[in-house]
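Coordinates from model-v8.tsv are shown below (TSV, C-alpha atoms).
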```
chain	number	residue	atom	x	y	z
A	14	MET	CA	23.71	74.40	51.15
A	15	LEU	CA	25.34	75.45	48.04
A	16	MET	CA	28.41	73.52	47.17
A	17	ALA	CA	31.14	74.76	44.92
A	18	THR	CA	31.79	72.88	41.72
A	19	PRO	CA	35.44	71.70	41.50
A	20	ASP	CA	37.61	72.82	38.66
A	21	LEU	CA	37.56	70.16	35.92
A	22	ALA	CA	41.21	70.52	34.88
A	23	ALA	CA	42.47	70.20	38.45
A	24	THR	CA	40.28	67.16	39.03
A	25	GLN	CA	41.58	65.41	35.91
A	26	SER	CA	45.19	66.05	36.90
A	27	ALA	CA	44.51	64.58	40.36
A	28	ILE	CA	43.02	61.25	38.99
A	29	PRO	CA	45.38	58.58	37.68
A	30	GLN	CA	45.19	58.22	33.90
A	31	GLN	CA	44.00	54.60	34.01
A	32	HIS	CA	40.95	55.53	36.12
A	33	MET	CA	39.84	58.48	34.03
A	34	LEU	CA	36.33	58.41	32.61
A	35	VAL	CA	36.24	60.34	29.39
A	36	ALA	CA	32.83	61.50	28.26
A	37	LYS	CA	32.13	61.05	24.57
A	38	PRO	CA	30.02	63.47	22.64
A	39	LEU	CA	26.39	62.39	22.22
A	40	PRO	CA	25.44	61.27	18.71
A	41	SER	CA	23.23	63.51	16.71
A	42	VAL	CA	19.61	62.59	15.97
A	43	LYS	CA	20.56	62.00	12.33
A	44	ASP	CA	23.30	59.49	13.26
A	45	THR	CA	20.92	57.62	15.59
A	46	GLU	CA	18.28	57.23	12.88
A	47	LYS	CA	20.91	56.06	10.40
A	48	ARG	CA	22.13	53.35	12.75
A	49	LYS	CA	18.55	52.18	13.38
A	50	VAL	CA	17.94	51.82	9.65
A	51	MET	CA	21.20	49.92	9.18
A	52	GLY	CA	20.29	47.57	12.08
A	53	ILE	CA	16.86	46.85	10.65
A	54	SER	CA	18.32	46.20	7.21
A	55	SER	CA	20.89	43.77	8.63
A	56	SER	CA	18.20	41.92	10.58
A	57	ASN	CA	15.93	41.72	7.54
A	58	CYS	CA	18.80	40.41	5.44
A	59	LEU	CA	19.58	37.69	8.00
A	60	ILE	CA	15.93	36.68	8.23
A	61	PHE	CA	15.68	36.56	4.44
A	62	VAL	CA	18.74	34.31	4.17
A	63	LEU	CA	17.36	31.95	6.84
A	64	LEU	CA	13.96	31.78	5.14
A	65	LEU	CA	15.59	31.10	1.79
A	66	PHE	CA	17.65	28.28	3.28
A	67	ALA	CA	14.60	26.76	4.99
A	68	PHE	CA	12.56	27.01	1.78
A	69	SER	CA	15.32	25.27	-0.17
A	70	GLU	CA	15.41	22.47	2.41
A	71	MET	CA	11.63	22.12	2.24
A	72	GLN	CA	11.79	21.92	-1.53
A	73	THR	CA	14.41	19.17	-1.26
A	74	ILE	CA	12.34	17.21	1.25
A	75	ALA	CA	9.16	17.70	-0.78
A	76	GLY	CA	10.92	16.64	-3.97
A	77	VAL	CA	12.29	13.34	-2.63
A	78	ASP	CA	10.53	11.28	0.03
A	79	THR	CA	12.33	9.24	2.65
A	80	LEU	CA	10.78	5.99	3.88
A	81	SER	CA	11.32	3.96	7.03
A	82	CYS	CA	10.11	0.72	8.61
A	83	ASN	CA	8.46	0.29	11.99
A	84	PHE	CA	9.14	-3.43	12.31
A	85	LEU	CA	11.80	-4.25	14.88
A	86	SER	CA	12.79	-7.28	12.81
A	87	SER	CA	13.29	-5.22	9.65
A	88	PRO	CA	16.82	-4.39	8.45
A	89	CYS	CA	15.43	-0.93	7.74
A	90	PHE	CA	14.11	-0.32	11.26
A	91	GLY	CA	15.04	3.15	12.45
A	92	LYS	CA	16.58	4.11	9.10
A	93	LYS	CA	15.45	6.80	6.69
A	94	VAL	CA	15.93	5.64	3.12
A	95	LYS	CA	15.66	8.12	0.23
A	96	CYS	CA	13.52	7.32	-2.77
A	97	PRO	CA	15.21	6.92	-6.18
A	98	ALA	CA	15.11	9.67	-8.79
A	99	GLN	CA	12.89	7.52	-11.04
A	100	CYS	CA	10.11	7.53	-8.41
A	101	PRO	CA	10.90	10.20	-5.80
A	102	LEU	CA	7.49	10.15	-4.09
A	103	LYS	CA	5.49	7.50	-2.27
A	104	SER	CA	2.22	9.23	-3.22
A	105	PRO	CA	2.77	11.15	-6.47
A	106	SER	CA	0.06	13.47	-7.75
A	107	ASP	CA	-0.01	11.58	-11.05
A	108	PRO	CA	-2.02	8.35	-10.57
A	109	ASN	CA	-0.16	6.75	-13.47
A	110	ALA	CA	3.29	7.46	-12.07
A	111	LYS	CA	5.33	4.79	-10.34
A	112	VAL	CA	5.54	5.09	-6.57
A	113	CYS	CA	8.45	4.76	-4.19
A	114	PHE	CA	8.32	1.58	-2.14
A	115	LEU	CA	10.43	0.19	0.69
A	116	ASP	CA	10.13	-3.54	1.29
A	117	CYS	CA	10.52	-3.84	5.05
A	118	THR	CA	10.88	-7.62	4.79
A	119	SER	CA	13.77	-7.57	2.34
A	120	PRO	CA	17.30	-8.27	3.63
A	121	VAL	CA	18.46	-5.34	1.49
A	122	CYS	CA	17.38	-1.97	2.85
A	123	LYS	CA	16.71	-0.19	-0.43
A	124	THR	CA	13.79	1.68	-1.99
A	125	HIS	CA	12.56	0.86	-5.47
A	126	CYS	CA	9.79	1.79	-7.90
A	127	ARG	CA	6.56	-0.06	-8.54
A	128	GLN	CA	3.05	0.42	-9.86
A	129	ARG	CA	0.31	0.70	-7.28
A	130	LYS	CA	-2.14	-1.46	-9.19
A	131	PRO	CA	-1.84	-5.25	-9.05
A	132	ASN	CA	0.85	-6.85	-11.16
A	133	CYS	CA	-0.84	-10.01	-12.40
A	134	ASN	CA	2.56	-11.55	-13.20
A	135	GLY	CA	3.93	-10.75	-9.74
A	136	ARG	CA	4.03	-13.11	-6.80
A	137	GLY	CA	1.03	-13.02	-4.52
A	138	SER	CA	-1.33	-12.18	-7.39
A	139	ALA	CA	-4.76	-13.57	-8.27
A	140	CYS	CA	-6.21	-12.48	-11.60
A	141	LEU	CA	-8.07	-13.64	-14.69
A	142	ASP	CA	-9.96	-16.98	-14.65
A	143	PRO	CA	-8.39	-17.20	-11.41
A	144	ARG	CA	-4.71	-17.61	-12.03
A	145	PHE	CA	-2.49	-17.44	-8.97
A	146	VAL	CA	1.24	-16.80	-8.57
A	147	GLY	CA	2.84	-18.08	-5.38
A	148	PRO	CA	5.79	-16.53	-3.50
A	149	ASP	CA	8.34	-18.57	-5.48
A	150	GLY	CA	6.75	-18.00	-8.89
A	151	THR	CA	4.54	-21.09	-8.80
A	152	VAL	CA	1.72	-20.46	-11.30
A	153	PHE	CA	-1.53	-22.38	-10.99
A	154	TYR	CA	-5.25	-22.09	-11.60
A	155	PHE	CA	-8.12	-22.64	-9.22
A	156	HIS	CA	-11.52	-22.61	-10.84
A	157	GLY	CA	-13.81	-23.19	-7.87
A	158	LYS	CA	-17.47	-22.74	-8.70
A	159	ARG	CA	-19.62	-19.77	-9.57
A	160	ASN	CA	-21.65	-18.13	-6.80
A	161	GLU	CA	-19.62	-19.87	-4.09
A	162	HIS	CA	-16.98	-18.70	-1.59
A	163	PHE	CA	-13.45	-19.99	-1.06
A	164	SER	CA	-10.61	-19.22	1.32
A	165	LEU	CA	-7.63	-17.66	-0.45
A	166	VAL	CA	-5.58	-17.17	2.72
A	167	SER	CA	-6.27	-18.50	6.20
A	168	ASP	CA	-3.87	-17.89	9.05
A	169	VAL	CA	-4.12	-17.44	12.78
A	170	ASN	CA	-4.56	-13.67	12.51
A	171	LEU	CA	-5.93	-13.20	8.98
A	172	GLN	CA	-8.64	-14.70	6.79
A	173	VAL	CA	-9.19	-13.65	3.17
A	174	ASN	CA	-12.11	-15.20	1.29
A	175	ALA	CA	-13.25	-14.70	-2.29
A	176	ARG	CA	-16.65	-14.88	-3.91
A	177	PHE	CA	-16.51	-16.38	-7.38
A	178	ILE	CA	-18.83	-15.43	-10.20
A	179	GLY	CA	-18.96	-17.04	-13.61
A	180	LEU	CA	-20.86	-18.94	-16.23
A	181	ARG	CA	-20.85	-22.32	-17.90
A	182	PRO	CA	-21.43	-22.22	-21.64
A	183	GLU	CA	-23.23	-25.13	-23.20
A	184	GLY	CA	-20.91	-28.07	-23.73
A	185	ARG	CA	-18.47	-27.07	-20.97
A	186	THR	CA	-17.71	-29.46	-18.09
A	187	ARG	CA	-16.82	-26.69	-15.62
A	188	ASP	CA	-17.57	-23.06	-14.85
A	189	TYR	CA	-15.53	-20.15	-16.08
A	190	THR	CA	-14.97	-18.15	-12.89
A	191	TRP	CA	-13.62	-14.81	-11.67
A	192	ILE	CA	-13.12	-13.22	-8.25
A	193	GLN	CA	-15.98	-10.79	-7.68
A	194	ALA	CA	-15.44	-9.90	-4.00
A	195	LEU	CA	-13.04	-10.23	-1.09
A	196	GLY	CA	-13.97	-10.79	2.54
A	197	ILE	CA	-11.16	-9.85	4.95
A	198	LEU	CA	-11.27	-10.87	8.61
A	199	PHE	CA	-8.73	-9.71	11.22
A	200	ASP	CA	-9.09	-9.50	15.00
A	201	SER	CA	-12.84	-9.00	15.45
A	202	HIS	CA	-13.25	-6.86	12.33
A	203	LYS	CA	-14.61	-7.59	8.87
A	204	LEU	CA	-14.08	-5.73	5.59
A	205	THR	CA	-15.60	-6.49	2.20
A	206	VAL	CA	-14.42	-5.19	-1.17
A	207	GLU	CA	-16.73	-5.94	-4.10
A	208	ALA	CA	-16.94	-5.31	-7.83
A	209	THR	CA	-20.47	-4.17	-8.60
A	210	PRO	CA	-22.29	-5.82	-11.54
A	211	ALA	CA	-22.52	-3.96	-14.83
A	212	ALA	CA	-24.09	-4.78	-18.17
A	213	THR	CA	-21.40	-2.88	-20.04
A	214	TRP	CA	-18.13	-1.42	-18.82
A	215	ASP	CA	-17.73	2.32	-18.34
A	216	ASP	CA	-14.39	3.69	-17.10
A	217	GLY	CA	-16.20	6.79	-15.87
A	218	ILE	CA	-18.17	4.81	-13.28
A	219	ASP	CA	-16.76	3.50	-10.01
A	220	HIS	CA	-17.47	-0.22	-9.70
A	221	LEU	CA	-16.17	-0.65	-6.14
A	222	LYS	CA	-18.35	-1.23	-3.08
A	223	PHE	CA	-17.16	-1.53	0.54
A	224	SER	CA	-18.49	-2.53	3.95
A	225	TYR	CA	-16.87	-2.53	7.37
A	226	ASN	CA	-18.20	-4.53	10.30
A	227	GLY	CA	-21.54	-4.97	8.56
A	228	GLU	CA	-22.09	-1.32	7.64
A	229	GLU	CA	-21.72	0.23	4.21
A	230	LEU	CA	-18.46	2.13	3.87
A	231	VAL	CA	-18.30	5.10	1.51
A	232	ILE	CA	-14.88	6.20	0.29
A	233	PRO	CA	-15.21	9.35	-1.84
A	234	GLU	CA	-14.01	9.03	-5.40
A	235	GLY	CA	-10.68	10.65	-6.12
A	236	TYR	CA	-7.06	9.67	-6.35
A	237	LEU	CA	-5.52	9.21	-2.86
A	238	SER	CA	-8.93	9.50	-1.17
A	239	THR	CA	-8.41	7.60	2.09
A	240	TRP	CA	-10.39	6.05	4.92
A	241	GLU	CA	-8.93	4.74	8.20
A	242	SER	CA	-10.69	2.68	10.82
A	243	PRO	CA	-11.22	4.27	14.25
A	244	GLU	CA	-8.73	1.79	15.73
A	245	ASN	CA	-6.10	2.64	13.06
A	246	GLN	CA	-5.88	-1.08	12.27
A	247	LEU	CA	-7.07	-0.66	8.70
A	248	ARG	CA	-6.47	1.83	5.90
A	249	VAL	CA	-8.13	1.90	2.49
A	250	GLU	CA	-6.68	4.30	-0.09
A	251	ARG	CA	-7.82	4.87	-3.64
A	252	THR	CA	-4.90	4.45	-6.05
A	253	SER	CA	-6.82	5.94	-8.96
A	254	THR	CA	-9.88	8.14	-9.19
A	255	LYS	CA	-12.09	5.08	-9.53
A	256	ASN	CA	-11.91	1.28	-9.42
A	257	SER	CA	-8.52	0.82	-7.69
A	258	VAL	CA	-7.60	0.72	-4.00
A	259	THR	CA	-4.90	-0.48	-1.64
A	260	VAL	CA	-6.02	-2.10	1.61
A	261	SER	CA	-3.38	-1.88	4.35
A	262	LEU	CA	-3.35	-3.86	7.58
A	263	PRO	CA	-0.25	-2.60	9.42
A	264	GLU	CA	2.29	-5.35	10.08
A	265	ILE	CA	-0.09	-7.95	8.61
A	266	ALA	CA	-0.73	-7.45	4.90
A	267	GLU	CA	-1.16	-5.05	2.01
A	268	ILE	CA	-3.67	-5.87	-0.70
A	269	SER	CA	-3.80	-4.11	-4.08
A	270	VAL	CA	-7.18	-4.32	-5.80
A	271	ASN	CA	-8.33	-3.29	-9.27
A	272	VAL	CA	-11.70	-3.77	-11.00
A	273	VAL	CA	-11.78	-4.84	-14.65
A	274	PRO	CA	-14.36	-6.34	-17.01
A	275	VAL	CA	-14.20	-9.44	-19.14
A	276	THR	CA	-13.83	-7.83	-22.55
A	277	GLN	CA	-15.34	-9.04	-25.78
A	278	GLU	CA	-11.82	-9.76	-27.00
A	279	ASP	CA	-11.19	-11.95	-23.95
A	280	SER	CA	-14.46	-13.71	-24.59
A	281	ARG	CA	-13.57	-14.34	-28.23
A	282	ILE	CA	-10.06	-15.66	-27.46
A	283	HIS	CA	-11.12	-17.97	-24.62
A	284	ASN	CA	-14.63	-18.75	-25.86
A	285	TYR	CA	-16.20	-17.46	-22.64
A	286	GLN	CA	-19.43	-16.62	-24.50
A	287	ILE	CA	-20.03	-13.56	-22.32
A	288	PRO	CA	-23.64	-12.34	-22.70
A	289	ASP	CA	-24.48	-8.82	-23.81
A	290	ASP	CA	-26.11	-7.92	-20.48
A	291	ASP	CA	-23.17	-8.69	-18.16
A	292	CYS	CA	-19.48	-7.78	-18.51
A	293	PHE	CA	-18.59	-9.83	-15.40
A	294	ALA	CA	-16.77	-7.02	-13.60
A	295	HIS	CA	-14.24	-8.70	-11.31
A	296	LEU	CA	-11.18	-8.08	-9.17
A	297	GLU	CA	-7.50	-8.27	-9.94
A	298	VAL	CA	-5.68	-8.75	-6.64
A	299	GLN	CA	-2.11	-8.81	-5.38
A	300	PHE	CA	-1.09	-9.58	-1.81
A	301	LYS	CA	1.96	-8.59	0.17
A	302	PHE	CA	2.26	-10.32	3.53
A	303	TYR	CA	4.40	-9.08	6.39
A	304	HIS	CA	3.91	-11.97	8.80
A	305	LEU	CA	2.55	-15.45	8.15
A	306	SER	CA	2.71	-18.50	10.33
A	307	SER	CA	4.27	-21.69	8.98
A	308	LYS	CA	0.81	-23.30	8.99
A	309	VAL	CA	-0.85	-20.72	6.73
A	310	ASP	CA	-3.33	-22.30	4.33
A	311	GLY	CA	-5.88	-21.46	1.67
A	312	VAL	CA	-5.84	-21.59	-2.12
A	313	LEU	CA	-2.94	-19.11	-2.26
A	314	GLY	CA	-1.83	-19.24	1.36
A	315	ARG	CA	-0.66	-22.87	1.19
A	316	THR	CA	2.09	-21.82	-1.24
A	317	TYR	CA	3.65	-19.73	1.56
A	318	GLN	CA	4.23	-22.77	3.77
A	319	PRO	CA	8.00	-23.31	4.24
A	320	ASP	CA	7.78	-26.95	3.14
A	321	PHE	CA	5.42	-26.34	0.20
A	322	GLN	CA	6.12	-28.54	-2.78
A	323	ASN	CA	4.93	-27.47	-6.21
A	324	PRO	CA	2.61	-30.26	-7.43
A	325	ALA	CA	2.80	-29.11	-11.05
A	326	LYS	CA	4.55	-31.51	-13.40
A	327	LEU	CA	7.30	-30.28	-15.68
A	328	GLY	CA	6.01	-29.67	-19.16
A	329	VAL	CA	2.38	-29.23	-18.04
A	330	ALA	CA	1.01	-26.08	-19.64
A	331	MET	CA	-1.50	-25.31	-16.90
A	332	SER	CA	-1.45	-26.56	-13.30
A	333	VAL	CA	-4.97	-26.68	-11.83
A	334	LEU	CA	-5.57	-26.94	-8.10
A	335	GLY	CA	-8.52	-29.09	-7.07
A	336	GLY	CA	-9.94	-29.75	-3.64
A	337	GLU	CA	-12.72	-27.17	-3.67
A	338	ASP	CA	-14.32	-28.78	-0.62
A	339	SER	CA	-11.24	-28.05	1.53
A	340	TYR	CA	-11.33	-24.34	0.78
A	341	ARG	CA	-15.07	-23.66	0.53
A	342	THR	CA	-16.63	-21.34	3.14
A	343	THR	CA	-20.32	-20.89	3.79
A	344	SER	CA	-20.17	-17.13	3.20
A	345	LEU	CA	-17.84	-14.32	2.24
A	346	LEU	CA	-17.14	-13.55	5.89
A	347	SER	CA	-16.92	-17.05	7.36
A	348	ALA	CA	-13.80	-18.91	8.45
A	349	ASP	CA	-15.33	-22.41	8.45
A	350	CYS	CA	-13.52	-24.18	5.61
A	351	GLY	CA	-11.79	-27.51	6.10
A	352	VAL	CA	-8.32	-25.94	6.30
A	353	CYS	CA	-9.24	-22.62	7.93
A	354	LEU	CA	-7.05	-21.50	10.85
A	355	PHE	CA	-8.48	-18.08	11.66
A	356	ALA	CA	-10.14	-17.58	15.05
A	357	THR	CA	-11.49	-14.16	15.98
A	358	GLY	CA	-9.23	-12.26	18.36
A	359	GLU	CA	-6.91	-15.22	18.96
A	360	GLY	CA	-4.34	-14.55	16.26
A	361	SER	CA	-1.82	-12.82	18.46
A	362	ASP	CA	-1.64	-15.84	20.78
A	363	LYS	CA	-1.40	-18.54	18.12
A	364	LYS	CA	1.39	-17.39	15.82
A	365	ASN	CA	3.84	-20.14	15.00
A	366	SER	CA	7.15	-19.80	13.22
A	367	VAL	CA	6.38	-16.41	11.71
A	368	MET	CA	7.62	-15.83	8.19
A	369	GLU	CA	7.90	-12.61	6.23
A	370	TYR	CA	7.28	-12.18	2.52
A	371	GLY	CA	7.50	-9.21	0.21
A	372	MET	CA	6.20	-8.40	-3.24
A	373	LEU	CA	8.28	-8.87	-6.37
A	374	ASP	CA	7.63	-8.10	-10.03
A	375	CYS	CA	7.82	-11.33	-12.01
A	376	THR	CA	7.62	-11.13	-15.76
A	377	GLY	CA	7.07	-13.99	-18.16
A	378	VAL	CA	7.69	-14.32	-21.87
A	379	ASP	CA	4.10	-13.45	-22.62
A	380	ASN	CA	0.84	-12.99	-20.77
A	381	SER	CA	0.04	-16.67	-20.55
A	382	GLY	CA	1.71	-17.05	-17.17
A	383	ASN	CA	3.93	-19.90	-18.33
A	384	GLY	CA	7.65	-19.66	-17.73
A	385	ILE	CA	7.40	-17.10	-14.93
A	386	VAL	CA	10.30	-17.41	-12.51
A	387	CYS	CA	10.54	-15.60	-9.18
A	388	ARG	CA	13.05	-15.82	-6.39
A	389	ARG	CA	12.60	-15.08	-2.70
```
For the file at hand, write its structure as structure tokens.
Amino acid sequence: MLMATPDLAATQSAIPQQHMLVAKPLPSVKDTEKRKVMGISSSNCLIFVLLLFAFSEMQTIAGVDTLSCNFLSSPCFGKKVKCPAQCPLKSPSDPNAKVCFLDCTSPVCKTHCRQRKPNCNGRGSACLDPRFVGPDGTVFYFHGKRNEHFSLVSDVNLQVNARFIGLRPEGRTRDYTWIQALGILFDSHKLTVEATPAATWDDGIDHLKFSYNGEELVIPEGYLSTWESPENQLRVERTSTKNSVTVSLPEIAEISVNVVPVTQEDSRIHNYQIPDDDCFAHLEVQFKFYHLSSKVDGVLGRTYQPDFQNPAKLGVAMSVLGGEDSYRTTSLLSADCGVCLFATGEGSDKKNSVMEYGMLDCTGVDNSGNGIVCRR
């Protein structure tokens, strides 16, 4: 059936004005294309602005690191603390640059700058013919004996031993000694860090050797080259291309290590009489402890006891710790000295009155170590 089409004018007059549907003319093809181009341009502009903003934020984040602490007992727990302008990065590309550091054991939640290599005037250090600096600035010497091993730190969950090397020139009553290697025991694991012997010193050669649980450990040369244990309980990071590393045991300790020789100038000043075929490459070490029990012991560890009394007499130029027999171990990786506390795998159950200590730069009048004062 054919139906008649109603007259448009009559229909419009019959429909109330508010219900009228007015058809608009269709846009031309040219107008449609123009609007598409304008829409694309607007979208591109918005995307560009967002990308620019994100890039700027990334540059800001990359330019200044923020550090935080994972210890529940730390004042900095859960906080993100920006690094200072003087050392904006925790791992700068320049190995000689200072790094940003956040001391999670400090009552003041603030980042500061430090060198990554050991500071031999700082607390927790062991350098030279072994000279130690305790947590309160106590400076003392422990000579031990060459080719023997001694406990530096022994606690319920950590044992750090040292192998001493040295020589005794004719007419001397004791050995000149240096720390040649560290043996670190924690849980059921064992790490060694050694300075390899050398007739003459060459900065272009790496003099560090490592082992982990009895197997040789190879850490490729290169600044920031890093190795982590499968259990993530241990991290070893090179802090220079060669001869310097930081050993990190999360929530236990951080140990900065650097290899140096005994120079001819050192030999002349101290009358070491170093032979021509051995530069006595040895370790400079600095410890930072996160948790220690009140019973911690060892050559250095005893100075972290809360009731430790400095035995040095006022006016004495050099305080020397004796008692080698109390600290001697049968090997680099033994915990069998007279004062040793470490027992494999039992540390977590035996902690007593845990203390926390940080690392502080302590500077004396000269390099002799006398007159150094540190505060906790």
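When only C-alpha atoms are used to measure the gap to Leu247 in chain A, the shortest distance among A:Pro210, A:Val231, A:Ser119, A:Asp200 belongs to A:Asp200.
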* **Contacts of Gln246 in chain A within 10 Å, only C-alpha atoms, excl. fewer than 2 positions in-chain, as a ChimeraX atom specification** => /A:199-200,202,241-244,248,261-265
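CA of Arg127 in chain A to CA of Cys113 in chain A spans 6.8 Å [interatomic distance, one decimal].
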Pick out the residues sitting within 7 Å of range 337-345 of chain A, and hand them over as a short mmCIF file (atom, residue, chain, number, x, y, z; two decimals) with C-alpha atoms, keeping the file's coordinate frame; count only C-alpha atoms, and ignore anything fewer than 2 positions along from it in its own chain.
```cif
data_model
loop_
_atom_site.label_atom_id
_atom_site.label_comp_id
_atom_site.auth_asym_id
_atom_site.auth_seq_id
_atom_site.Cartn_x
_atom_site.Cartn_y
_atom_site.Cartn_z
CA GLY A 157 -13.81 -23.19 -7.87
CA HIS A 162 -16.98 -18.70 -1.59
CA PHE A 163 -13.45 -19.99 -1.06
CA SER A 164 -10.61 -19.22 1.32
CA ASN A 174 -12.11 -15.20 1.29
CA ALA A 175 -13.25 -14.70 -2.29
CA ARG A 176 -16.65 -14.88 -3.91
CA GLY A 196 -13.97 -10.79 2.54
CA GLY A 311 -5.88 -21.46 1.67
CA VAL A 312 -5.84 -21.59 -2.12
CA GLY A 335 -8.52 -29.09 -7.07
CA SER A 347 -16.92 -17.05 7.36
CA ALA A 348 -13.80 -18.91 8.45
CA ASP A 349 -15.33 -22.41 8.45
CA CYS A 350 -13.52 -24.18 5.61
CA GLY A 351 -11.79 -27.51 6.10
CA VAL A 352 -8.32 -25.94 6.30
#
```
I'd like the box whose edges run along x, y and z of the file and which contains every listed atom of range 182-201 of chain A, padded by 3 Å per side; could you state its centre and edge lengths in Å, one decimal, as lines of an AutoDock Vina configuration file?
```
center_x = -16.0
center_y = -19.2
center_z = -4.1
size_x = 20.5
size_y = 26.5
size_z = 45.2
```
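Going from CA of Tyr285 in chain A to CA of His156 in chain A covers 13.7 Å.
Among A:Thr357, A:Ser332, A:Ser201, A:Thr254, the residue with the shortest atom-to-atom distance to Val152 in chain A, counting only C-alpha atoms, is A:Ser332.
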Rebuild N, CA and C atoms on range 244-256 of chain A, as a tab-separated table (two decimals), in the coordinates of the input?
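Once written, rebuild.tsv looks like this:
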```
chain	number	residue	atom	x	y	z
A	244	GLU	N	-9.80	2.42	14.93
A	244	GLU	CA	-8.73	1.79	15.73
A	244	GLU	C	-7.37	1.90	15.05
A	245	ASN	N	-7.33	2.51	13.86
A	245	ASN	CA	-6.10	2.64	13.06
A	245	ASN	C	-5.49	1.28	12.71
A	246	GLN	N	-6.34	0.26	12.64
A	246	GLN	CA	-5.88	-1.08	12.27
A	246	GLN	C	-6.07	-1.36	10.78
A	247	LEU	N	-6.72	-0.44	10.10
A	247	LEU	CA	-7.07	-0.66	8.70
A	247	LEU	C	-7.07	0.67	7.96
A	248	ARG	N	-6.51	0.63	6.74
A	248	ARG	CA	-6.47	1.83	5.90
A	248	ARG	C	-6.82	1.41	4.48
A	249	VAL	N	-7.75	2.14	3.88
A	249	VAL	CA	-8.13	1.90	2.49
A	249	VAL	C	-7.89	3.19	1.72
A	250	GLU	N	-7.05	3.11	0.69
A	250	GLU	CA	-6.68	4.30	-0.09
A	250	GLU	C	-6.94	4.05	-1.56
A	251	ARG	N	-7.59	4.98	-2.19
A	251	ARG	CA	-7.82	4.87	-3.64
A	251	ARG	C	-6.49	5.16	-4.37
A	252	THR	N	-6.14	4.28	-5.29
A	252	THR	CA	-4.90	4.45	-6.05
A	252	THR	C	-5.17	4.96	-7.45
A	253	SER	N	-6.41	5.20	-7.76
A	253	SER	CA	-6.82	5.94	-8.96
A	253	SER	C	-8.16	6.59	-8.62
A	254	THR	N	-8.63	7.43	-9.49
A	254	THR	CA	-9.88	8.14	-9.19
A	254	THR	C	-11.02	7.18	-8.91
A	255	LYS	N	-11.04	6.08	-9.67
A	255	LYS	CA	-12.09	5.08	-9.53
A	255	LYS	C	-11.48	3.69	-9.72
A	256	ASN	N	-12.13	2.70	-9.12
A	256	ASN	CA	-11.91	1.28	-9.42
A	256	ASN	C	-10.58	0.67	-8.96
```
